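Text of entry.cif, listed as mmCIF, C-alpha atoms and all ligand atoms:
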data_start
loop_
_atom_site.group_PDB
_atom_site.id
_atom_site.type_symbol
_atom_site.label_atom_id
_atom_site.label_comp_id
_atom_site.auth_asym_id
_atom_site.auth_seq_id
_atom_site.Cartn_x
_atom_site.Cartn_y
_atom_site.Cartn_z
ATOM 1 C CA MET A 18 36.057 29.468 -3.975
ATOM 2 C CA LYS A 19 33.252 27.282 -2.678
ATOM 3 C CA ILE A 20 34.466 23.720 -2.122
ATOM 4 C CA LEU A 21 32.327 20.679 -1.397
ATOM 5 C CA VAL A 22 34.032 17.601 0.056
ATOM 6 C CA LEU A 23 32.157 14.313 -0.343
ATOM 7 C CA THR A 24 33.550 11.513 1.815
ATOM 8 C CA GLY A 25 32.736 7.820 1.506
ATOM 9 C CA SER A 26 34.270 5.933 4.421
ATOM 10 C CA PRO A 27 32.313 4.683 7.431
ATOM 11 C CA ARG A 28 35.515 4.896 9.512
ATOM 12 C CA LYS A 29 35.396 8.334 11.072
ATOM 13 C CA ASN A 30 39.103 8.240 11.886
ATOM 14 C CA GLY A 31 39.969 6.262 8.807
ATOM 15 C CA ASN A 32 42.560 6.989 6.187
ATOM 16 C CA SER A 33 40.466 8.701 3.541
ATOM 17 C CA ASN A 34 38.826 10.891 6.185
ATOM 18 C CA THR A 35 42.321 11.893 7.297
ATOM 19 C CA LEU A 36 43.088 12.943 3.728
ATOM 20 C CA ALA A 37 39.813 14.878 3.679
ATOM 21 C CA ASP A 38 40.678 16.560 7.009
ATOM 22 C CA PHE A 39 44.087 17.693 5.770
ATOM 23 C CA PHE A 40 42.720 18.812 2.410
ATOM 24 C CA ILE A 41 40.031 20.865 4.192
ATOM 25 C CA ARG A 42 42.561 22.410 6.572
ATOM 26 C CA GLY A 43 44.709 23.521 3.650
ATOM 27 C CA ALA A 44 41.743 24.857 1.697
ATOM 28 C CA GLU A 45 40.360 26.788 4.663
ATOM 29 C CA GLU A 46 43.773 28.266 5.443
ATOM 30 C CA ALA A 47 43.884 29.430 1.833
ATOM 31 C CA GLY A 48 40.590 31.244 2.397
ATOM 32 C CA HIS A 49 38.165 28.898 0.668
ATOM 33 C CA GLU A 50 34.690 28.141 1.957
ATOM 34 C CA VAL A 51 34.474 24.384 2.584
ATOM 35 C CA ILE A 52 31.358 22.269 3.069
ATOM 36 C CA ARG A 53 31.693 18.606 3.957
ATOM 37 C CA PHE A 54 29.178 15.828 3.401
ATOM 38 C CA ASP A 55 29.931 12.434 4.948
ATOM 39 C CA ALA A 56 28.001 9.946 2.859
ATOM 40 C CA ALA A 57 28.614 7.039 5.221
ATOM 41 C CA SER A 58 26.945 8.730 8.180
ATOM 42 C CA SER A 59 24.109 10.110 6.062
ATOM 43 C CA ASP A 60 20.897 8.634 4.815
ATOM 44 C CA VAL A 61 21.166 8.605 1.023
ATOM 45 C CA HIS A 62 18.957 6.090 -0.717
ATOM 46 C CA PRO A 63 20.350 4.564 -3.909
ATOM 47 C CA CYS A 64 18.791 5.840 -7.139
ATOM 48 C CA ILE A 65 15.960 3.538 -8.235
ATOM 49 C CA ALA A 66 15.840 4.784 -11.843
ATOM 50 C CA CYS A 67 12.174 5.768 -11.581
ATOM 51 C CA ASN A 68 13.031 8.825 -13.691
ATOM 52 C CA SER A 69 10.542 10.898 -11.751
ATOM 53 C CA CYS A 70 13.196 13.640 -11.627
ATOM 54 C CA GLY A 71 13.599 13.632 -15.408
ATOM 55 C CA MET A 72 17.324 14.094 -14.717
ATOM 56 C CA ASN A 73 16.575 17.656 -13.642
ATOM 57 C CA GLY A 74 14.018 17.858 -10.889
ATOM 58 C CA PRO A 75 12.867 16.695 -7.479
ATOM 59 C CA CYS A 76 13.752 13.189 -6.337
ATOM 60 C CA VAL A 77 11.150 10.832 -4.895
ATOM 61 C CA PHE A 78 13.411 10.285 -1.875
ATOM 62 C CA HIS A 79 13.367 12.971 0.810
ATOM 63 C CA ASP A 80 16.583 12.040 2.575
ATOM 64 C CA ASP A 81 19.965 13.612 3.362
ATOM 65 C CA PHE A 82 20.743 14.145 -0.309
ATOM 66 C CA GLU A 83 18.451 17.156 -0.028
ATOM 67 C CA THR A 84 21.011 18.811 2.272
ATOM 68 C CA VAL A 85 23.842 18.461 -0.237
ATOM 69 C CA ARG A 86 21.978 18.824 -3.522
ATOM 70 C CA GLU A 87 22.287 22.629 -3.814
ATOM 71 C CA HIS A 88 25.924 22.526 -2.695
ATOM 72 C CA ILE A 89 26.810 20.149 -5.531
ATOM 73 C CA ILE A 90 25.247 22.576 -7.978
ATOM 74 C CA SER A 91 26.905 25.691 -6.573
ATOM 75 C CA ALA A 92 30.326 24.331 -5.580
ATOM 76 C CA GLU A 93 33.203 25.474 -7.736
ATOM 77 C CA LEU A 94 35.237 22.447 -6.668
ATOM 78 C CA VAL A 95 34.012 19.009 -5.613
ATOM 79 C CA ALA A 96 36.468 16.748 -3.772
ATOM 80 C CA PHE A 97 35.800 13.005 -3.620
ATOM 81 C CA ALA A 98 37.412 11.173 -0.677
ATOM 82 C CA THR A 99 37.015 7.410 -0.708
ATOM 83 C CA PRO A 100 38.548 4.123 0.362
ATOM 84 C CA MET A 101 39.012 1.510 -2.343
ATOM 85 C CA TYR A 102 36.398 -1.208 -1.906
ATOM 86 C CA TYR A 103 36.931 -4.169 -4.214
ATOM 87 C CA PHE A 104 38.747 -1.943 -6.717
ATOM 88 C CA GLY A 105 35.980 0.645 -6.813
ATOM 89 C CA ILE A 106 34.877 3.633 -4.798
ATOM 90 C CA SER A 107 32.790 2.927 -1.693
ATOM 91 C CA ALA A 108 29.093 2.197 -2.176
ATOM 92 C CA GLN A 109 28.275 5.037 0.196
ATOM 93 C CA LEU A 110 29.973 7.586 -2.066
ATOM 94 C CA LYS A 111 28.630 5.921 -5.206
ATOM 95 C CA ALA A 112 25.072 6.298 -3.890
ATOM 96 C CA VAL A 113 25.626 10.063 -3.695
ATOM 97 C CA ILE A 114 27.113 10.198 -7.193
ATOM 98 C CA ASP A 115 24.218 8.192 -8.617
ATOM 99 C CA ARG A 116 21.830 10.736 -7.126
ATOM 100 C CA PHE A 117 23.561 13.357 -9.327
ATOM 101 C CA TYR A 118 21.005 11.982 -11.813
ATOM 102 C CA ALA A 119 18.327 14.281 -10.386
ATOM 103 C CA ILE A 120 20.527 17.350 -10.933
ATOM 104 C CA ASN A 121 22.226 16.130 -14.076
ATOM 105 C CA GLY A 122 20.769 19.020 -16.033
ATOM 106 C CA LYS A 123 22.337 21.529 -13.637
ATOM 107 C CA ILE A 124 25.877 20.262 -13.127
ATOM 108 C CA HIS A 125 27.302 20.135 -16.636
ATOM 109 C CA ILE A 126 29.048 23.393 -15.892
ATOM 110 C CA PRO A 127 32.747 24.059 -15.397
ATOM 111 C CA LYS A 128 33.935 22.940 -11.980
ATOM 112 C CA LYS A 129 37.153 21.633 -10.540
ATOM 113 C CA ALA A 130 37.447 18.232 -8.892
ATOM 114 C CA VAL A 131 39.866 16.449 -6.572
ATOM 115 C CA LEU A 132 40.276 12.750 -5.808
ATOM 116 C CA LEU A 133 41.526 11.517 -2.427
ATOM 117 C CA MET A 134 41.762 7.729 -2.312
ATOM 118 C CA THR A 135 43.288 5.159 0.030
ATOM 119 C CA TYR A 136 43.818 1.427 -0.286
ATOM 120 C CA ALA A 137 45.655 -1.417 1.377
ATOM 121 C CA ASN A 138 47.566 -3.053 -1.460
ATOM 122 C CA ASN A 139 50.592 -1.697 -3.244
ATOM 123 C CA SER A 140 49.764 -2.538 -6.829
ATOM 124 C CA HIS A 141 49.234 0.605 -8.884
ATOM 125 C CA ARG A 142 47.322 -1.509 -11.383
ATOM 126 C CA ASN A 143 44.599 -1.845 -8.718
ATOM 127 C CA GLU A 144 44.032 1.915 -8.916
ATOM 128 C CA ALA A 145 42.985 1.811 -12.566
ATOM 129 C CA PRO A 146 39.215 1.273 -12.129
ATOM 130 C CA ILE A 147 38.837 4.209 -9.716
ATOM 131 C CA LEU A 148 41.105 6.504 -11.708
ATOM 132 C CA THR A 149 39.271 5.681 -14.927
ATOM 133 C CA HIS A 150 35.890 6.180 -13.245
ATOM 134 C CA TYR A 151 36.994 9.564 -11.914
ATOM 135 C CA GLU A 152 38.422 10.660 -15.250
ATOM 136 C CA VAL A 153 35.410 9.590 -17.312
ATOM 137 C CA LEU A 154 32.978 11.131 -14.810
ATOM 138 C CA LEU A 155 34.826 14.455 -15.043
ATOM 139 C CA GLU A 156 34.940 14.254 -18.828
ATOM 140 C CA TYR A 157 31.179 13.610 -18.911
ATOM 141 C CA LEU A 158 30.390 16.500 -16.568
ATOM 142 C CA GLY A 159 32.920 18.879 -18.091
ATOM 143 C CA TRP A 160 34.778 19.216 -14.812
ATOM 144 C CA GLN A 161 38.528 19.689 -14.585
ATOM 145 C CA ASP A 162 40.869 17.612 -12.440
ATOM 146 C CA ALA A 163 42.615 19.863 -9.909
ATOM 147 C CA GLY A 164 44.710 17.111 -8.335
ATOM 148 C CA ARG A 165 44.729 13.736 -6.675
ATOM 149 C CA VAL A 166 46.224 12.119 -3.624
ATOM 150 C CA ILE A 167 46.347 8.349 -4.022
ATOM 151 C CA ALA A 168 47.581 6.511 -0.925
ATOM 152 C CA PRO A 169 48.494 2.819 -1.310
ATOM 153 C CA GLY A 170 49.610 0.508 1.484
ATOM 154 C CA VAL A 171 47.269 1.775 4.218
ATOM 155 C CA TRP A 172 44.908 -0.733 5.798
ATOM 156 C CA PRO A 173 44.073 -0.063 9.482
ATOM 157 C CA ALA A 174 42.582 3.269 10.447
ATOM 158 C CA GLY A 175 45.510 5.523 11.320
ATOM 159 C CA ALA A 176 47.963 3.756 9.020
ATOM 160 C CA ILE A 177 48.146 6.875 6.891
ATOM 161 C CA ASP A 178 49.312 9.072 9.760
ATOM 162 C CA ASP A 179 53.010 8.298 9.318
ATOM 163 C CA THR A 180 53.041 8.662 5.553
ATOM 164 C CA PRO A 181 53.586 11.685 3.315
ATOM 165 C CA PHE A 182 49.992 11.548 2.028
ATOM 166 C CA PRO A 183 48.248 13.795 4.607
ATOM 167 C CA GLY A 184 50.848 16.456 3.841
ATOM 168 C CA GLN A 185 50.145 16.054 0.135
ATOM 169 C CA ALA A 186 46.416 16.493 0.787
ATOM 170 C CA TYR A 187 47.094 19.610 2.877
ATOM 171 C CA ARG A 188 49.226 21.146 0.146
ATOM 172 C CA LEU A 189 46.630 20.276 -2.484
ATOM 173 C CA GLY A 190 43.997 22.069 -0.391
ATOM 174 C CA ARG A 191 46.263 25.109 -0.032
ATOM 175 C CA ASN A 192 46.916 25.289 -3.743
ATOM 176 C CA VAL A 193 43.655 24.435 -5.479
HETATM 177 C C1 LIG B 1 34.803 -3.786 2.059
HETATM 178 C C2 LIG B 1 36.270 -3.485 1.871
HETATM 179 C C3 LIG B 1 36.831 -3.703 0.631
HETATM 180 C C4 LIG B 1 38.183 -3.406 0.415
HETATM 181 N N1 LIG B 1 38.708 -3.588 -0.821
HETATM 182 C C5 LIG B 1 40.016 -3.292 -1.033
HETATM 183 C C6 LIG B 1 40.602 -3.501 -2.319
HETATM 184 O O1 LIG B 1 39.963 -3.924 -3.279
HETATM 185 N N2 LIG B 1 41.919 -3.233 -2.454
HETATM 186 C C7 LIG B 1 42.684 -2.754 -1.419
HETATM 187 O O2 LIG B 1 43.859 -2.533 -1.606
HETATM 188 N N3 LIG B 1 42.129 -2.515 -0.207
HETATM 189 C C8 LIG B 1 40.821 -2.775 0.011
HETATM 190 N N4 LIG B 1 40.264 -2.544 1.240
HETATM 191 C C9 LIG B 1 41.065 -1.853 2.267
HETATM 192 C C10 LIG B 1 40.768 -0.347 2.291
HETATM 193 O O3 LIG B 1 40.759 0.207 1.002
HETATM 194 C C11 LIG B 1 41.829 0.386 3.111
HETATM 195 O O4 LIG B 1 41.847 -0.102 4.420
HETATM 196 C C12 LIG B 1 41.547 1.880 3.126
HETATM 197 O O5 LIG B 1 42.659 2.584 3.636
HETATM 198 C C13 LIG B 1 40.323 2.170 3.981
HETATM 199 O O6 LIG B 1 40.076 3.549 3.981
HETATM 200 P P1 LIG B 1 39.353 4.221 5.249
HETATM 201 O O7 LIG B 1 40.284 4.039 6.412
HETATM 202 O O8 LIG B 1 39.183 5.625 4.826
HETATM 203 O O9 LIG B 1 38.054 3.518 5.444
HETATM 204 C C14 LIG B 1 38.947 -2.866 1.476
HETATM 205 C C15 LIG B 1 38.364 -2.668 2.740
HETATM 206 C C16 LIG B 1 37.035 -2.981 2.944
HETATM 207 C C17 LIG B 1 36.414 -2.762 4.313
#
For this file, write the structure as structure tokens.
Ligand SMILES: Cc1cc2nc3c(=O)[nH]c(=O)nc-3n(C[C@H](O)[C@H](O)[C@H](O)COP(=O)(O)O)c2cc1C
Amino acid sequence: MKILVLTGSPRKNGNSNTLADFFIRGAEEAGHEVIRFDAASSDVHPCIACNSCGMNGPCVFHDDFETVREHIISAELVAFATPMYYFGISAQLKAVIDRFYAINGKIHIPKKAVLLMTYANNSHRNEAPILTHYEVLLEYLGWQDAGRVIAPGVWPAGAIDDTPFPGQAYRLGRNV
């Protein structure tokens, strides 16, 4: 299976990137082809709603989205790895998702999806906006949830290392 991992944290050794690393290791060991796109170290301009693409065509911005565009279309599974930023996904990842607009006409096809998310607090209620966003996005696109790893209580980079969550991400990658 072709898997695309979209990450959203600017912390290279941060917690959500650790989840992405473990997920990728598991998926590759299971024989999947994995492509990774790190939104935070890429140049992806936010959508400006010019509608030049007509929701199914070239974008006016010639930036790093061009390198991931075809992979989003052809991936059989898309994994989203993000820190929680003010109860939402990171702006860096959201900019990539908003650029789905230009390929909207090509991605309403069955795919699997995975959510890897980390946050500092311990209140499960705080997870609701991201979980709802993920669920409604998948419903809209016709994609199927293949699993989630949600890691509360991790603030500094590296805090996730001594938790069970990297192992969960590895096993999810092995079993998708
Ligand atoms: C701009 C910003 C906003 C944040 N907002 C929240 C939040 O709303 N709730 C929370 O529990 N943690 C919040 N955090 C903490 C991060 O979610 C937490 O440290 C997470 O593990 C970071 O993931 P990373 O290491 O992959 O970057 C925030 C951190 C930053 C930098």
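Proximity of A:Glu93, A:Glu152, A:Asp179, A:Glu144 to ligand LIG 1 (chain B), computed with only C-alpha atoms and all ligand atoms, is greatest for A:Glu144.
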The PyMOL selection byres (((not hetatm)) within 10 of (chain B and resi 1)) applied to the shown file, residues as a PDB file with C-alpha atoms, in the coordinates of the input:
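Result went into expr-v8.pdb, see below:
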ATOM      1  CA  THR A  24      33.550  11.513   1.815  1.00  0.00           C
ATOM      2  CA  GLY A  25      32.736   7.820   1.506  1.00  0.00           C
ATOM      3  CA  SER A  26      34.270   5.933   4.421  1.00  0.00           C
ATOM      4  CA  PRO A  27      32.313   4.683   7.431  1.00  0.00           C
ATOM      5  CA  ARG A  28      35.515   4.896   9.512  1.00  0.00           C
ATOM      6  CA  LYS A  29      35.396   8.334  11.072  1.00  0.00           C
ATOM      7  CA  ASN A  30      39.103   8.240  11.886  1.00  0.00           C
ATOM      8  CA  GLY A  31      39.969   6.262   8.807  1.00  0.00           C
ATOM      9  CA  ASN A  32      42.560   6.989   6.187  1.00  0.00           C
ATOM     10  CA  SER A  33      40.466   8.701   3.541  1.00  0.00           C
ATOM     11  CA  ASN A  34      38.826  10.891   6.185  1.00  0.00           C
ATOM     12  CA  THR A  35      42.321  11.893   7.297  1.00  0.00           C
ATOM     13  CA  LEU A  36      43.088  12.943   3.728  1.00  0.00           C
ATOM     14  CA  ALA A  37      39.813  14.878   3.679  1.00  0.00           C
ATOM     15  CA  ALA A  98      37.412  11.173  -0.677  1.00  0.00           C
ATOM     16  CA  THR A  99      37.015   7.410  -0.708  1.00  0.00           C
ATOM     17  CA  PRO A 100      38.548   4.123   0.362  1.00  0.00           C
ATOM     18  CA  MET A 101      39.012   1.510  -2.343  1.00  0.00           C
ATOM     19  CA  TYR A 102      36.398  -1.208  -1.906  1.00  0.00           C
ATOM     20  CA  TYR A 103      36.931  -4.169  -4.214  1.00  0.00           C
ATOM     21  CA  PHE A 104      38.747  -1.943  -6.717  1.00  0.00           C
ATOM     22  CA  GLY A 105      35.980   0.645  -6.813  1.00  0.00           C
ATOM     23  CA  ILE A 106      34.877   3.633  -4.798  1.00  0.00           C
ATOM     24  CA  SER A 107      32.790   2.927  -1.693  1.00  0.00           C
ATOM     25  CA  ALA A 108      29.093   2.197  -2.176  1.00  0.00           C
ATOM     26  CA  LEU A 133      41.526  11.517  -2.427  1.00  0.00           C
ATOM     27  CA  MET A 134      41.762   7.729  -2.312  1.00  0.00           C
ATOM     28  CA  THR A 135      43.288   5.159   0.030  1.00  0.00           C
ATOM     29  CA  TYR A 136      43.818   1.427  -0.286  1.00  0.00           C
ATOM     30  CA  ALA A 137      45.655  -1.417   1.377  1.00  0.00           C
ATOM     31  CA  ASN A 138      47.566  -3.053  -1.460  1.00  0.00           C
ATOM     32  CA  ASN A 139      50.592  -1.697  -3.244  1.00  0.00           C
ATOM     33  CA  SER A 140      49.764  -2.538  -6.829  1.00  0.00           C
ATOM     34  CA  HIS A 141      49.234   0.605  -8.884  1.00  0.00           C
ATOM     35  CA  ASN A 143      44.599  -1.845  -8.718  1.00  0.00           C
ATOM     36  CA  GLU A 144      44.032   1.915  -8.916  1.00  0.00           C
ATOM     37  CA  ALA A 168      47.581   6.511  -0.925  1.00  0.00           C
ATOM     38  CA  PRO A 169      48.494   2.819  -1.310  1.00  0.00           C
ATOM     39  CA  GLY A 170      49.610   0.508   1.484  1.00  0.00           C
ATOM     40  CA  VAL A 171      47.269   1.775   4.218  1.00  0.00           C
ATOM     41  CA  TRP A 172      44.908  -0.733   5.798  1.00  0.00           C
ATOM     42  CA  PRO A 173      44.073  -0.063   9.482  1.00  0.00           C
ATOM     43  CA  ALA A 174      42.582   3.269  10.447  1.00  0.00           C
ATOM     44  CA  GLY A 175      45.510   5.523  11.320  1.00  0.00           C
ATOM     45  CA  ALA A 176      47.963   3.756   9.020  1.00  0.00           C
ATOM     46  CA  ILE A 177      48.146   6.875   6.891  1.00  0.00           C
TER      47      ILE A 177
END
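Residues within 10 Å of Asp81 (chain A), counting all atoms listed in the file and excluding same-chain residues fewer than 4 positions away, are A:Phe54, A:Ala56, A:Ser58, A:Ser59, A:Asp60, A:Val61, A:His62, A:Val85, A:Arg86, A:Val113.
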Could you name the residues that touch Gly74 (chain A) at 12 Å or less, counting all atoms listed in the file, but leaving out those on the same chain fewer than 6 positions away, as a PDB file with C-alpha atoms, in the coordinates of the input?
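Written file, result.pdb:
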ATOM      1  CA  ASN A  68      13.031   8.825 -13.691  1.00  0.00           C
ATOM      2  CA  GLU A  83      18.451  17.156  -0.028  1.00  0.00           C
ATOM      3  CA  ARG A  86      21.978  18.824  -3.522  1.00  0.00           C
ATOM      4  CA  GLU A  87      22.287  22.629  -3.814  1.00  0.00           C
ATOM      5  CA  ARG A 116      21.830  10.736  -7.126  1.00  0.00           C
ATOM      6  CA  PHE A 117      23.561  13.357  -9.327  1.00  0.00           C
ATOM      7  CA  TYR A 118      21.005  11.982 -11.813  1.00  0.00           C
ATOM      8  CA  ALA A 119      18.327  14.281 -10.386  1.00  0.00           C
ATOM      9  CA  ILE A 120      20.527  17.350 -10.933  1.00  0.00           C
ATOM     10  CA  ASN A 121      22.226  16.130 -14.076  1.00  0.00           C
ATOM     11  CA  GLY A 122      20.769  19.020 -16.033  1.00  0.00           C
ATOM     12  CA  LYS A 123      22.337  21.529 -13.637  1.00  0.00           C
TER      13      LYS A 123
END
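Our summary of the geometry notes that CA of Glu45 (chain A) is positioned 28.0 Å from CA of Asp115 (chain A).
Here CA of Gly43 (chain A) is placed at a distance of 13.6 Å from CA of Lys19 (chain A).
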Atomic separation - CA of Ala96 (chain A) relative to CA of Pro183 (chain A), Å | 14.8 Å
Fewer than 2 positions away in the same chain doesn't count, so skip those; otherwise give me all residues within 9 Å of Gly164 (chain A), counting only C-alpha atoms, as a ChimeraX atom specification.
-> /A:130-133,162,166,189,193
